[in-house]
Amino acid sequence: MKQLIFVVESDTKSKSDNRYINKLILERYDLTNNDIKIQFVNMGGKYKYKNTSTSTQISKYIRDNKKGQNFVIYCFDTDKIDCEQNDKIVFKLEKEYCTTNKFYLIWFNYDIEYVLLGKTIESSKKKEESIKYQRKTIVIPYNKLSCKNENQKGYSNVYIVLDDLLPLKK
């Protein structure tokens, strides 16, 4: 079995990132063979990517699928890397961490909501907005989700990463 382990910024209560990513997967990829398992590790904040609790959950999923293929995919919002020096430094550290550990990296510039909804959502409304998104039919131009330039506001590399791991719908 192929297992994709998405490590996301949202917490286990809201699971907003989970909903967005699940919808992107279900709309584009063929999962009918039931040979792909999607898992989420909710960090509860972008700065917890190195925390023991995050690593422990990733390890548990890998252990549970030790005979299969496991792909760890960190999903980070770039925040304002175009104008905030600290955000640029943090994102650079996140990229280095993924490279060092041979993890995949999906980024959303500024954040997942900005890419998928066209606006940033305040924290208290993230869960509600992700539920609405999950129910709607929303067409996002392919090029917005298959960008190589992490500095491009409103874009992501999500399809570049997932196209290599999942079969496309026919």
# chains A, B, ... in the order shown; residues from 1 in each chain; ligands from 1
$ residues_around --residues "stretch 67-80 of chain A" --least-positions-apart "4" --cutoff "7 Å" --atoms "only C-alpha atoms" --output "VMD selection string"
chain A and resid 1 to 9 46 62 84 87 91 103 to 112
$ select_by_dssp --residues "chain A" --states "helix (DSSP H, G or I)" --output "MDAnalysis selection string"
chainID A and resid 16:28 46:48 52:64 85:100 112:117 123:135 142:145 158:163
$ write_last_selection --atoms "C-alpha atoms" --output "PDB file, in the first residue's frame"
ATOM      1  CA  SER A  16      -9.036  22.891   7.982  1.00  0.00           C
ATOM      2  CA  ASP A  17      -5.899  22.020   5.975  1.00  0.00           C
ATOM      3  CA  ASN A  18      -7.020  18.376   5.869  1.00  0.00           C
ATOM      4  CA  ARG A  19     -10.288  19.343   4.169  1.00  0.00           C
ATOM      5  CA  TYR A  20      -8.625  21.516   1.533  1.00  0.00           C
ATOM      6  CA  ILE A  21      -6.004  18.917   0.661  1.00  0.00           C
ATOM      7  CA  ASN A  22      -8.523  16.057   0.618  1.00  0.00           C
ATOM      8  CA  LYS A  23     -10.727  18.002  -1.801  1.00  0.00           C
ATOM      9  CA  LEU A  24      -7.784  18.740  -4.109  1.00  0.00           C
ATOM     10  CA  ILE A  25      -6.867  15.045  -4.100  1.00  0.00           C
ATOM     11  CA  LEU A  26     -10.396  13.752  -4.697  1.00  0.00           C
ATOM     12  CA  GLU A  27     -11.019  16.144  -7.587  1.00  0.00           C
ATOM     13  CA  ARG A  28      -7.813  15.365  -9.491  1.00  0.00           C
ATOM     14  CA  LYS A  46       3.842  25.843  11.655  1.00  0.00           C
ATOM     15  CA  TYR A  47       6.594  26.109  14.254  1.00  0.00           C
ATOM     16  CA  LYS A  48       5.893  22.583  15.536  1.00  0.00           C
ATOM     17  CA  THR A  52       8.499  15.184  19.189  1.00  0.00           C
ATOM     18  CA  SER A  53       4.709  14.816  18.938  1.00  0.00           C
ATOM     19  CA  THR A  54       4.871  15.471  15.182  1.00  0.00           C
ATOM     20  CA  SER A  55       7.750  13.019  14.648  1.00  0.00           C
ATOM     21  CA  THR A  56       6.062  10.400  16.838  1.00  0.00           C
ATOM     22  CA  GLN A  57       2.838  10.525  14.819  1.00  0.00           C
ATOM     23  CA  ILE A  58       4.743  10.291  11.513  1.00  0.00           C
ATOM     24  CA  SER A  59       6.726   7.300  12.843  1.00  0.00           C
ATOM     25  CA  LYS A  60       3.534   5.570  13.995  1.00  0.00           C
ATOM     26  CA  TYR A  61       1.948   5.860  10.533  1.00  0.00           C
ATOM     27  CA  ILE A  62       5.135   4.542   8.901  1.00  0.00           C
ATOM     28  CA  ARG A  63       5.353   1.650  11.398  1.00  0.00           C
ATOM     29  CA  ASP A  64       1.706   0.755  10.709  1.00  0.00           C
ATOM     30  CA  GLN A  85      12.397  38.967   6.357  1.00  0.00           C
ATOM     31  CA  ASN A  86      11.493  36.700   9.282  1.00  0.00           C
ATOM     32  CA  ASP A  87       8.947  34.789   7.167  1.00  0.00           C
ATOM     33  CA  LYS A  88      11.605  34.321   4.501  1.00  0.00           C
ATOM     34  CA  ILE A  89      14.054  32.910   7.088  1.00  0.00           C
ATOM     35  CA  VAL A  90      11.439  30.580   8.603  1.00  0.00           C
ATOM     36  CA  PHE A  91      10.438  29.219   5.184  1.00  0.00           C
ATOM     37  CA  LYS A  92      14.099  28.637   4.300  1.00  0.00           C
ATOM     38  CA  LEU A  93      14.512  26.592   7.512  1.00  0.00           C
ATOM     39  CA  GLU A  94      11.377  24.592   6.725  1.00  0.00           C
ATOM     40  CA  LYS A  95      12.685  23.803   3.241  1.00  0.00           C
ATOM     41  CA  GLU A  96      16.066  22.754   4.623  1.00  0.00           C
ATOM     42  CA  TYR A  97      14.382  20.487   7.184  1.00  0.00           C
ATOM     43  CA  CYS A  98      12.385  18.757   4.432  1.00  0.00           C
ATOM     44  CA  THR A  99      15.441  18.350   2.210  1.00  0.00           C
ATOM     45  CA  THR A 100      17.597  16.985   5.053  1.00  0.00           C
ATOM     46  CA  ILE A 112      -3.683  27.693   1.777  1.00  0.00           C
ATOM     47  CA  GLU A 113      -6.796  29.870   2.010  1.00  0.00           C
ATOM     48  CA  TYR A 114      -5.215  32.660  -0.016  1.00  0.00           C
ATOM     49  CA  VAL A 115      -4.408  30.180  -2.791  1.00  0.00           C
ATOM     50  CA  LEU A 116      -7.730  28.318  -2.780  1.00  0.00           C
ATOM     51  CA  LEU A 117     -10.173  31.052  -1.732  1.00  0.00           C
ATOM     52  CA  SER A 123      -8.120  31.892  12.583  1.00  0.00           C
ATOM     53  CA  SER A 124     -11.549  31.711  14.196  1.00  0.00           C
ATOM     54  CA  LYS A 125     -13.222  31.148  10.792  1.00  0.00           C
ATOM     55  CA  LYS A 126     -10.779  28.668   9.230  1.00  0.00           C
ATOM     56  CA  LYS A 127     -12.739  25.532  10.124  1.00  0.00           C
ATOM     57  CA  GLU A 128     -16.038  26.995   8.897  1.00  0.00           C
ATOM     58  CA  GLU A 129     -14.518  28.207   5.598  1.00  0.00           C
ATOM     59  CA  SER A 130     -12.842  24.849   4.929  1.00  0.00           C
ATOM     60  CA  ILE A 131     -16.179  23.053   5.429  1.00  0.00           C
ATOM     61  CA  LYS A 132     -17.836  25.426   2.917  1.00  0.00           C
ATOM     62  CA  TYR A 133     -14.969  24.853   0.470  1.00  0.00           C
ATOM     63  CA  GLN A 134     -15.338  21.096   0.787  1.00  0.00           C
ATOM     64  CA  ARG A 135     -19.007  21.288  -0.247  1.00  0.00           C
ATOM     65  CA  TYR A 142      -4.186  24.371 -12.936  1.00  0.00           C
ATOM     66  CA  ASN A 143      -1.292  26.843 -13.204  1.00  0.00           C
ATOM     67  CA  LYS A 144      -2.117  28.307  -9.751  1.00  0.00           C
ATOM     68  CA  LEU A 145      -1.552  24.881  -8.193  1.00  0.00           C
ATOM     69  CA  VAL A 158       0.701  21.126  -4.679  1.00  0.00           C
ATOM     70  CA  TYR A 159       0.037  19.474  -8.061  1.00  0.00           C
ATOM     71  CA  ILE A 160       3.729  19.304  -8.941  1.00  0.00           C
ATOM     72  CA  VAL A 161       4.317  17.181  -5.843  1.00  0.00           C
ATOM     73  CA  LEU A 162       1.143  15.091  -5.983  1.00  0.00           C
ATOM     74  CA  ASP A 163       1.279  14.400  -9.744  1.00  0.00           C
TER      75      ASP A 163
END
$ atom_distance --atom1 "atom CA of A:Met43" --atom2 "atom CA of A:Lys15"
10.0 Å
$ atom_distance --atom1 "atom CA of A:Glu122" --atom2 "atom CA of A:Gly45"
14.2 Å
